[in-house]
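Student: Structure supplied as entry20.tsv; contents: TSV, C-alpha atoms.
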```
chain	number	residue	atom	x	y	z
I	1	MET	CA	198.93	-57.38	-29.52
I	2	MET	CA	195.59	-58.51	-30.89
I	3	SER	CA	196.48	-57.51	-34.44
I	4	ARG	CA	199.93	-59.08	-34.12
I	5	GLY	CA	198.37	-62.32	-32.89
I	6	GLY	CA	195.90	-62.25	-35.77
I	7	ALA	CA	198.71	-61.81	-38.26
I	8	LYS	CA	200.53	-64.80	-36.74
I	9	ALA	CA	197.39	-66.95	-36.97
I	10	ALA	CA	196.79	-65.97	-40.61
I	11	SER	CA	200.41	-66.67	-41.53
I	12	SER	CA	200.34	-70.10	-39.88
I	13	LEU	CA	197.04	-71.00	-41.51
I	14	LEU	CA	198.32	-69.97	-44.95
I	15	LYS	CA	201.42	-72.14	-44.52
I	16	ALA	CA	199.25	-75.13	-43.65
I	17	ALA	CA	196.70	-74.55	-46.42
I	18	ARG	CA	199.14	-73.69	-49.24
I	19	PRO	CA	200.11	-77.28	-50.14
I	20	ARG	CA	196.43	-78.29	-50.13
I	21	LEU	CA	195.24	-75.52	-52.41
I	22	PHE	CA	198.16	-74.72	-54.69
I	23	SER	CA	200.20	-77.93	-54.91
I	24	THR	CA	199.85	-81.10	-56.97
I	25	ALA	CA	201.33	-83.24	-54.20
I	26	THR	CA	199.67	-86.48	-53.28
I	27	THR	CA	197.25	-86.79	-50.39
I	28	SER	CA	199.75	-88.72	-48.27
I	29	THR	CA	202.27	-85.87	-48.60
I	30	ILE	CA	199.66	-83.32	-47.59
I	31	ARG	CA	198.65	-85.44	-44.62
I	32	SER	CA	202.24	-85.45	-43.34
I	33	ILE	CA	202.46	-81.67	-43.77
I	34	SER	CA	199.22	-81.27	-41.83
I	35	HIS	CA	200.67	-83.22	-38.87
I	36	GLU	CA	203.86	-81.17	-38.93
I	37	THR	CA	202.04	-77.84	-38.92
I	38	SER	CA	199.17	-78.78	-36.57
I	39	HIS	CA	201.12	-77.58	-33.52
I	40	LEU	CA	201.40	-74.14	-35.14
I	41	LEU	CA	197.70	-73.85	-35.85
I	42	ARG	CA	196.25	-74.36	-32.39
I	43	PRO	CA	198.32	-71.91	-30.34
I	44	ALA	CA	198.15	-69.23	-33.02
I	45	VAL	CA	194.39	-69.41	-33.40
I	46	ALA	CA	193.93	-69.63	-29.64
I	47	ASP	CA	195.59	-66.20	-29.36
I	48	LEU	CA	192.54	-64.72	-31.04
I	49	ALA	CA	190.68	-64.97	-27.70
I	50	ALA	CA	187.45	-66.26	-29.19
I	51	PRO	CA	184.56	-66.19	-26.75
I	52	SER	CA	183.51	-69.80	-27.21
I	53	GLY	CA	187.02	-71.25	-27.07
I	54	MET	CA	186.20	-73.45	-30.08
I	55	SER	CA	187.69	-71.36	-32.85
I	56	GLY	CA	191.05	-73.13	-32.74
I	57	TRP	CA	189.39	-76.48	-33.43
I	58	ILE	CA	187.23	-75.03	-36.16
I	59	TRP	CA	190.32	-74.14	-38.17
I	60	THR	CA	192.14	-77.42	-37.61
I	61	THR	CA	189.15	-79.53	-38.72
I	62	ARG	CA	188.13	-77.40	-41.71
I	63	ALA	CA	191.54	-77.18	-43.31
I	64	PRO	CA	191.70	-80.90	-44.22
I	65	ALA	CA	188.23	-80.62	-45.77
I	66	ILE	CA	189.59	-78.13	-48.30
I	67	GLY	CA	192.32	-80.56	-49.32
I	68	GLY	CA	189.78	-83.39	-49.61
I	69	ALA	CA	187.68	-81.40	-52.04
I	70	ARG	CA	190.76	-80.69	-54.15
I	71	PHE	CA	191.41	-84.40	-54.68
I	72	ALA	CA	187.83	-85.66	-54.59
I	73	SER	CA	187.79	-86.71	-58.28
I	74	THR	CA	191.30	-88.20	-58.38
I	75	VAL	CA	191.05	-90.94	-55.80
I	76	THR	CA	193.52	-93.14	-57.66
I	77	ILE	CA	196.30	-90.63	-57.06
I	78	GLY	CA	196.26	-91.52	-53.37
I	79	GLU	CA	196.44	-95.20	-54.22
I	80	LYS	CA	199.41	-94.62	-56.48
I	81	ALA	CA	201.11	-92.58	-53.79
I	82	THR	CA	200.87	-95.54	-51.39
I	83	THR	CA	202.46	-97.78	-54.00
I	84	GLU	CA	205.24	-95.30	-54.60
I	85	ASP	CA	205.94	-95.02	-50.87
I	86	ALA	CA	206.22	-98.80	-50.65
I	87	ASN	CA	208.60	-98.94	-53.61
I	88	PRO	CA	210.65	-95.70	-53.67
I	89	LYS	CA	213.22	-97.03	-56.17
I	90	LYS	CA	210.54	-97.65	-58.77
I	91	SER	CA	209.07	-94.20	-58.14
I	92	GLU	CA	212.42	-92.52	-58.71
I	93	LYS	CA	212.94	-94.49	-61.92
I	94	GLU	CA	209.47	-93.60	-63.25
I	95	SER	CA	209.92	-89.93	-62.42
I	96	SER	CA	213.27	-89.81	-64.23
I	97	THR	CA	211.97	-91.59	-67.33
I	98	GLY	CA	208.57	-89.85	-67.46
I	99	GLY	CA	206.44	-92.89	-66.55
I	100	ASP	CA	204.52	-94.81	-69.22
I	101	ALA	CA	205.16	-92.36	-72.06
I	102	GLY	CA	202.74	-89.90	-70.45
I	103	GLY	CA	199.56	-91.25	-72.10
I	104	ASP	CA	198.86	-94.55	-70.38
I	105	LYS	CA	199.55	-93.15	-66.92
I	106	GLY	CA	196.71	-90.63	-66.98
I	107	GLY	CA	194.32	-92.80	-69.00
I	108	LYS	CA	194.69	-95.73	-66.60
I	109	GLY	CA	193.83	-93.55	-63.60
I	110	ILE	CA	190.71	-92.12	-65.21
I	111	ALA	CA	189.47	-95.51	-66.41
I	112	SER	CA	189.93	-97.11	-63.00
I	113	TYR	CA	188.02	-94.29	-61.30
I	114	TRP	CA	185.09	-93.96	-63.73
I	115	GLY	CA	184.88	-97.63	-64.59
I	116	VAL	CA	184.90	-97.01	-68.35
I	117	GLU	CA	187.29	-99.60	-69.69
I	118	PRO	CA	188.00	-99.72	-73.45
I	119	SER	CA	186.84	-103.04	-74.79
I	120	LYS	CA	189.03	-105.03	-77.13
I	121	ILE	CA	187.16	-105.72	-80.36
I	122	THR	CA	188.25	-108.18	-83.01
I	123	LYS	CA	187.15	-108.84	-86.56
I	124	GLU	CA	185.69	-112.12	-87.78
I	125	ASP	CA	189.14	-113.36	-88.70
I	126	GLY	CA	190.42	-112.68	-85.18
I	127	THR	CA	192.50	-109.59	-86.02
I	128	GLU	CA	192.14	-106.50	-83.85
I	129	TRP	CA	189.58	-103.89	-84.90
I	130	LYS	CA	191.40	-100.61	-85.46
I	131	TRP	CA	188.55	-98.10	-85.97
I	132	ASN	CA	187.02	-96.09	-83.15
I	133	CYS	CA	184.62	-94.14	-85.36
I	134	PHE	CA	182.50	-97.24	-86.12
I	135	ARG	CA	182.22	-100.82	-84.92
I	136	PRO	CA	182.07	-104.18	-86.78
I	137	TRP	CA	178.33	-104.53	-86.16
I	138	GLU	CA	177.76	-101.21	-87.97
I	139	THR	CA	179.35	-102.45	-91.19
I	140	TYR	CA	177.35	-103.90	-94.08
I	141	LYS	CA	177.43	-104.97	-97.70
I	142	ALA	CA	175.79	-102.40	-99.96
I	143	ASP	CA	172.87	-103.48	-102.12
I	144	LEU	CA	174.09	-102.74	-105.63
I	145	THR	CA	170.92	-104.08	-107.27
I	146	ILE	CA	168.83	-101.03	-106.32
I	147	ASP	CA	167.16	-99.16	-109.19
I	148	LEU	CA	169.23	-96.05	-109.86
I	149	SER	CA	166.89	-94.57	-112.49
I	150	LYS	CA	163.93	-93.85	-110.21
I	151	HIS	CA	162.73	-90.27	-110.29
I	152	HIS	CA	159.89	-88.50	-108.53
I	153	VAL	CA	158.14	-86.29	-111.06
I	154	PRO	CA	157.30	-82.96	-109.37
I	155	THR	CA	153.58	-82.29	-109.54
I	156	THR	CA	152.64	-79.99	-106.65
I	157	PHE	CA	153.91	-76.47	-106.13
I	158	LEU	CA	156.17	-77.48	-103.22
I	159	ASP	CA	157.61	-80.35	-105.26
I	160	LYS	CA	158.52	-77.97	-108.08
I	161	VAL	CA	160.09	-75.49	-105.66
I	162	ALA	CA	162.18	-78.31	-104.12
I	163	TYR	CA	163.18	-79.65	-107.55
I	164	TRP	CA	164.29	-76.32	-108.99
I	165	THR	CA	166.04	-75.35	-105.76
I	166	VAL	CA	168.27	-78.40	-106.11
I	167	LYS	CA	168.79	-77.78	-109.84
I	168	SER	CA	169.84	-74.19	-109.13
I	169	LEU	CA	172.41	-75.41	-106.61
I	170	ARG	CA	173.97	-77.71	-109.19
I	171	TRP	CA	175.04	-74.88	-111.51
I	172	PRO	CA	177.59	-73.20	-109.15
I	173	THR	CA	178.83	-76.65	-108.11
I	174	ASP	CA	179.54	-77.60	-111.74
I	175	LEU	CA	181.24	-74.26	-112.30
I	176	PHE	CA	183.48	-74.54	-109.25
I	177	PHE	CA	184.52	-78.22	-109.37
I	178	GLN	CA	184.08	-79.00	-113.08
I	179	ARG	CA	185.65	-82.48	-113.60
I	180	ARG	CA	187.31	-82.78	-110.18
I	181	TYR	CA	184.88	-85.43	-108.97
I	182	GLY	CA	186.90	-86.40	-105.92
I	183	CYS	CA	186.69	-82.89	-104.48
I	184	ARG	CA	183.12	-82.62	-105.71
I	185	ALA	CA	182.14	-85.77	-103.82
I	186	MET	CA	183.82	-84.47	-100.69
I	187	MET	CA	181.88	-81.19	-100.87
I	188	LEU	CA	178.64	-83.01	-101.67
I	189	GLU	CA	178.94	-85.20	-98.57
I	190	THR	CA	179.52	-82.22	-96.26
I	191	VAL	CA	176.09	-80.98	-97.36
I	192	ALA	CA	174.32	-84.35	-97.64
I	193	ALA	CA	175.16	-85.25	-94.03
I	194	VAL	CA	173.25	-82.23	-92.66
I	195	PRO	CA	169.55	-83.03	-93.42
I	196	GLY	CA	169.46	-86.34	-91.56
I	197	MET	CA	170.97	-84.77	-88.46
I	198	VAL	CA	168.63	-81.77	-88.55
I	199	GLY	CA	165.54	-83.91	-89.17
I	200	GLY	CA	166.51	-86.41	-86.48
I	201	MET	CA	167.23	-83.61	-83.99
I	202	LEU	CA	163.89	-81.89	-84.60
I	203	LEU	CA	161.97	-85.18	-84.37
I	204	HIS	CA	163.85	-85.93	-81.15
I	205	CYS	CA	162.81	-82.60	-79.63
I	206	LYS	CA	159.23	-83.10	-80.85
I	207	SER	CA	159.13	-86.54	-79.24
I	208	LEU	CA	160.26	-85.04	-75.93
I	209	ARG	CA	157.77	-82.18	-76.08
I	210	ARG	CA	154.79	-84.37	-76.92
I	211	PHE	CA	155.76	-87.40	-74.82
I	212	GLU	CA	155.40	-89.70	-77.81
I	213	GLN	CA	157.51	-92.16	-79.79
I	214	SER	CA	158.77	-91.40	-83.29
I	215	GLY	CA	158.13	-94.70	-85.01
I	216	GLY	CA	161.86	-95.22	-85.37
I	217	TRP	CA	162.35	-92.20	-87.62
I	218	ILE	CA	164.82	-90.50	-85.29
I	219	LYS	CA	167.13	-93.49	-85.56
I	220	ALA	CA	166.58	-93.82	-89.32
I	221	LEU	CA	167.47	-90.18	-90.03
I	222	LEU	CA	170.50	-90.23	-87.72
I	223	GLU	CA	171.65	-93.42	-89.46
I	224	GLU	CA	171.44	-91.55	-92.75
I	225	ALA	CA	173.50	-88.66	-91.37
I	226	GLU	CA	176.14	-91.05	-90.02
I	227	ASN	CA	176.28	-92.92	-93.31
I	228	GLU	CA	176.82	-89.68	-95.24
I	229	ARG	CA	179.54	-88.69	-92.78
I	230	MET	CA	181.31	-92.00	-93.43
I	231	HIS	CA	181.20	-91.15	-97.13
I	232	LEU	CA	183.05	-87.95	-96.29
I	233	MET	CA	185.63	-89.77	-94.14
I	234	THR	CA	186.27	-92.09	-97.08
I	235	PHE	CA	186.71	-89.38	-99.72
I	236	MET	CA	188.97	-87.43	-97.38
I	237	GLU	CA	191.46	-90.27	-97.97
I	238	VAL	CA	191.14	-89.88	-101.73
I	239	ALA	CA	190.96	-86.10	-102.26
I	240	LYS	CA	192.87	-83.81	-99.93
I	241	PRO	CA	190.95	-80.52	-99.67
I	242	LYS	CA	192.77	-77.23	-100.20
I	243	TRP	CA	192.42	-74.32	-97.80
I	244	TYR	CA	189.86	-72.47	-99.93
I	245	GLU	CA	187.78	-75.65	-100.26
I	246	ARG	CA	187.74	-75.99	-96.49
I	247	ALA	CA	186.65	-72.36	-96.23
I	248	LEU	CA	183.89	-73.06	-98.76
I	249	VAL	CA	182.71	-76.05	-96.70
I	250	ILE	CA	182.39	-73.88	-93.59
I	251	THR	CA	180.40	-71.26	-95.49
I	252	VAL	CA	178.12	-73.68	-97.31
I	253	GLN	CA	177.46	-75.76	-94.18
I	254	GLY	CA	176.60	-72.67	-92.14
I	255	VAL	CA	174.14	-71.41	-94.73
I	256	PHE	CA	172.62	-74.79	-95.60
I	257	PHE	CA	172.20	-75.94	-91.99
I	258	ASN	CA	170.21	-72.87	-90.99
I	259	ALA	CA	168.19	-72.80	-94.22
I	260	TYR	CA	167.26	-76.48	-93.94
I	261	PHE	CA	166.47	-76.10	-90.22
I	262	ILE	CA	163.98	-73.32	-90.95
I	263	GLY	CA	162.61	-75.18	-93.98
I	264	TYR	CA	162.00	-78.34	-91.93
I	265	LEU	CA	160.20	-76.35	-89.22
I	266	ILE	CA	157.93	-74.74	-91.82
I	267	SER	CA	157.28	-77.78	-94.01
I	268	PRO	CA	158.79	-81.24	-93.39
I	269	LYS	CA	157.27	-82.57	-96.61
I	270	PHE	CA	159.12	-79.89	-98.60
I	271	ALA	CA	162.37	-80.56	-96.70
I	272	HIS	CA	162.29	-84.32	-97.31
I	273	ARG	CA	161.32	-83.85	-100.95
I	274	MET	CA	164.25	-81.52	-101.49
I	275	VAL	CA	166.63	-84.08	-99.96
I	276	GLY	CA	165.13	-86.73	-102.25
I	277	TYR	CA	166.01	-84.59	-105.27
I	278	LEU	CA	169.43	-83.83	-103.77
I	279	GLU	CA	170.12	-87.56	-103.59
I	280	GLU	CA	169.03	-87.95	-107.22
I	281	GLU	CA	171.65	-85.37	-108.16
I	282	ALA	CA	174.20	-87.28	-106.06
I	283	ILE	CA	173.46	-90.45	-108.04
I	284	HIS	CA	174.05	-88.50	-111.26
I	285	SER	CA	177.34	-87.07	-109.95
I	286	TYR	CA	178.67	-90.49	-108.92
I	287	THR	CA	177.64	-91.94	-112.28
I	288	GLU	CA	179.76	-89.27	-113.98
I	289	PHE	CA	182.55	-90.08	-111.53
I	290	LEU	CA	182.44	-93.73	-112.65
I	291	LYS	CA	182.56	-92.71	-116.31
I	292	GLU	CA	185.74	-90.70	-115.68
I	293	LEU	CA	187.27	-93.67	-113.87
I	294	ASP	CA	186.40	-96.02	-116.74
I	295	LYS	CA	187.89	-93.61	-119.30
I	296	GLY	CA	191.12	-93.45	-117.30
I	297	ASN	CA	190.85	-89.71	-116.67
I	298	ILE	CA	190.89	-90.42	-112.93
I	299	GLU	CA	193.32	-92.97	-111.52
I	300	ASN	CA	191.59	-96.04	-110.09
I	301	VAL	CA	193.64	-96.18	-106.89
I	302	PRO	CA	193.23	-98.84	-104.19
I	303	ALA	CA	190.27	-98.33	-101.90
I	304	PRO	CA	190.99	-96.67	-98.53
I	305	ALA	CA	191.22	-99.10	-95.60
I	306	ILE	CA	188.29	-97.43	-93.86
I	307	ALA	CA	186.06	-98.10	-96.88
I	308	ILE	CA	187.10	-101.75	-97.09
I	309	ASP	CA	186.09	-102.35	-93.47
I	310	TYR	CA	182.93	-100.21	-93.50
I	311	TRP	CA	181.37	-101.73	-96.63
I	312	ARG	CA	183.02	-105.16	-96.20
I	313	LEU	CA	184.77	-104.83	-99.53
I	314	PRO	CA	187.41	-107.33	-100.71
I	315	ALA	CA	190.99	-106.55	-99.76
I	316	ASP	CA	191.89	-105.70	-103.38
I	317	ALA	CA	188.96	-103.26	-103.81
I	318	THR	CA	189.58	-100.07	-105.78
I	319	LEU	CA	188.19	-96.54	-105.87
I	320	ARG	CA	185.65	-97.68	-108.46
I	321	ASP	CA	184.22	-100.19	-106.00
I	322	VAL	CA	183.93	-97.44	-103.38
I	323	VAL	CA	182.07	-95.12	-105.76
I	324	MET	CA	179.68	-97.97	-106.61
I	325	VAL	CA	178.70	-98.61	-103.00
I	326	VAL	CA	178.43	-94.90	-102.21
I	327	ARG	CA	176.12	-94.41	-105.18
I	328	ALA	CA	173.96	-97.29	-103.94
I	329	ASP	CA	173.76	-95.63	-100.51
I	330	GLU	CA	172.58	-92.40	-102.11
I	331	ALA	CA	169.85	-94.28	-103.96
I	332	HIS	CA	168.59	-95.70	-100.67
I	333	HIS	CA	168.59	-92.22	-99.09
I	334	ARG	CA	166.61	-90.98	-102.11
I	335	ASP	CA	163.93	-93.58	-101.46
I	336	VAL	CA	163.75	-92.88	-97.71
I	337	ASN	CA	163.30	-89.12	-98.12
I	338	HIS	CA	160.76	-89.34	-100.93
I	339	PHE	CA	158.87	-91.89	-98.81
I	340	ALA	CA	158.94	-89.52	-95.81
I	341	SER	CA	157.64	-86.68	-97.94
I	342	ASP	CA	154.81	-88.87	-99.30
I	343	ILE	CA	153.74	-89.68	-95.73
I	344	HIS	CA	153.38	-85.97	-94.96
I	345	TYR	CA	151.55	-85.37	-98.25
I	346	GLN	CA	148.98	-87.95	-97.16
I	347	GLY	CA	148.26	-85.86	-94.06
I	348	ARG	CA	149.92	-88.32	-91.71
I	349	GLU	CA	152.89	-88.10	-89.37
I	350	LEU	CA	156.10	-90.07	-89.74
I	351	LYS	CA	155.47	-92.02	-86.54
I	352	GLU	CA	152.42	-93.63	-88.17
I	353	ALA	CA	154.61	-95.49	-90.68
I	354	PRO	CA	157.44	-97.82	-89.63
I	355	ALA	CA	160.82	-96.22	-90.30
I	356	PRO	CA	163.16	-98.00	-92.73
I	357	ILE	CA	165.88	-98.58	-90.13
I	358	GLY	CA	168.92	-100.30	-91.55
I	359	TYR	CA	167.79	-99.69	-95.13
I	360	HIS	CA	171.10	-99.75	-97.02
```
What's the structure tokens form of this structure?
Tutor:
Amino acid sequence: MMSRGGAKAASSLLKAARPRLFSTATTSTIRSISHETSHLLRPAVADLAAPSGMSGWIWTTRAPAIGGARFASTVTIGEKATTEDANPKKSEKESSTGGDAGGDKGGKGIASYWGVEPSKITKEDGTEWKWNCFRPWETYKADLTIDLSKHHVPTTFLDKVAYWTVKSLRWPTDLFFQRRYGCRAMMLETVAAVPGMVGGMLLHCKSLRRFEQSGGWIKALLEEAENERMHLMTFMEVAKPKWYERALVITVQGVFFNAYFIGYLISPKFAHRMVGYLEEEAIHSYTEFLKELDKGNIENVPAPAIAIDYWRLPADATLRDVVMVVRADEAHHRDVNHFASDIHYQGRELKEAPAPIGYH
């Protein structure tokens, strides 16, 4: 009899707990099921002949707690259930049509619970801002007057190693891409966006370890990485990479990221100097790109919309205008990294010199 009574109690408890644990029903539905099955719980559990006489109430009070934990992070579901109960016709119509196209329904619930509401952003002319990857206050007009011919003559041993390392990387790049400067620029930006992120990350960790500020260099290097990434997003609109070029990007990024990470840990002055020379090569590549555009060998197509908004270019801007502003950006990155390397060569740390934040 005892085992039979125990089986009855377990079966009744499972019936009551099943909708709470394995169903996606609303909390109001579960509450009604709990009331309907509460008369089954108490007698069945009481048959267990517990010595304290409290076991029956332990089960009936703990079971709702399980259901509460299940819906703890979706409070708005209960609120919607109340609305649906008050207006059953609307609920039936929404269920038959699939609600608000599926997307708005879930997004609205999450936003109302977490309090993260998407803000509506407009441009200066009042039109809606359509980019989520950057905001209007992050846009700028590139300084095209910067000196593109600057070059740091390698004098020390580390400078020469950095210089010839970059020169050696140019040979396989020329061999692979030849005159396809759109694809070449795309590949170049996948590499150029790595150093700023690695340097900023390591300075960030150093700042945390030593409980000290960075002089703004974390922000400056991360700005550089983001700017290079925007170059990539722009050229993705111009040159569509093939499958083997994507595979090459994965390989090159994996090797270069780890190599630069180790190089920066060993010698930051070498790492920044190498990036300075890398940017000098980028200036040369974009200059050749412009020559091909001027000769007509590459079609001067309209500038991508993302480039027009990011660099505040005129509406009728072309690919040539985009290459001009990108080349100017690379010249600024050249100056920043050579400057950072010079600071280390002087036996000082980057935090001792104000970072060139917003230097475009």
Student: Restricting the calculation to all atoms listed in the file: of I:Glu279, I:Glu237, I:Glu352, I:Asp143, which residue gets closest to Glu189 (chain I)?
Tutor: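 Ranked by minimum distance to Glu189 (chain I), first place goes to I:Glu279.
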Student: Which residue gives the smallest distance to Pro304 (chain I) among I:Phe257, I:Tyr286, I:Phe134, I:His231, with only C-alpha atoms counted?
Tutor: I:His231
Student: I:Met274, I:Val198, I:Ala305, I:Leu158: which is nearest Ile262 (chain I), counting all atoms listed in the file?
Tutor: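 Ranked by minimum distance to Ile262 (chain I), first place goes to I:Val198.
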Student: Give me the residues near Ile283 (chain I) as an MDAnalysis selection string, where near means some atom within 10 Å (using all atoms listed in the file) and where sequence neighbours in that chain fewer than 5 positions away do not count.
Tutor: chainID I and resid 148:149 277:278 288:289 324 326:331 334
Student: Do you have the CA of Pro241 (chain I)-CA of Met187 (chain I) distance handy?
Tutor: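 About the pair CA of Pro241 (chain I) and CA of Met187 (chain I): they are 9.2 Å apart.
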Student: What gap, in Å, lies between CA of Trp164 (chain I) and CA of Asp342 (chain I)?
Tutor: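 Calculated distance between CA of Trp164 (chain I) and CA of Asp342 (chain I) is 18.5 Å.
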Student: Calculate how many Å separate CA of Leu248 (chain I) from CA of Arg184 (chain I), rounding to one decimal.
Tutor: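 So the answer is 11.8 Å.
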Student: Point out the residue among I:Ala282, I:Val322, I:Leu350, I:Ala225 with the least atom-to-atom distance to Ser207 (chain I), counting only C-alpha atoms.
Tutor: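 Closest to Ser207 (chain I), using only C-alpha atoms: I:Leu350.
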Student: Tell me which protein, DNA and RNA residues are within 7 Å of Tyr310 (chain I), counting all atoms listed in the file, leaving out same-chain ones fewer than 3 positions away, and put them as a list in words.
Tutor: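 Once the nearby chain positions are removed, what remains is Thr139, Tyr140, Ile306 and Ala307 of chain I.
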Student: With distances taken over all atoms listed in the file, which of I:Arg273, I:Lys240, I:Asn297, I:Lys167 is nearest to Thr155 (chain I)?
Tutor: I:Arg273
Student: Measuring atom to atom with only C-alpha atoms, identify which of I:Arg209, I:Lys269, I:Arg312, I:Lys242 is nearest to Val161 (chain I).
Tutor: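 Of I:Arg209, I:Lys269, I:Arg312, I:Lys242, the one nearest Val161 (chain I), counting only C-alpha atoms, is I:Lys269.
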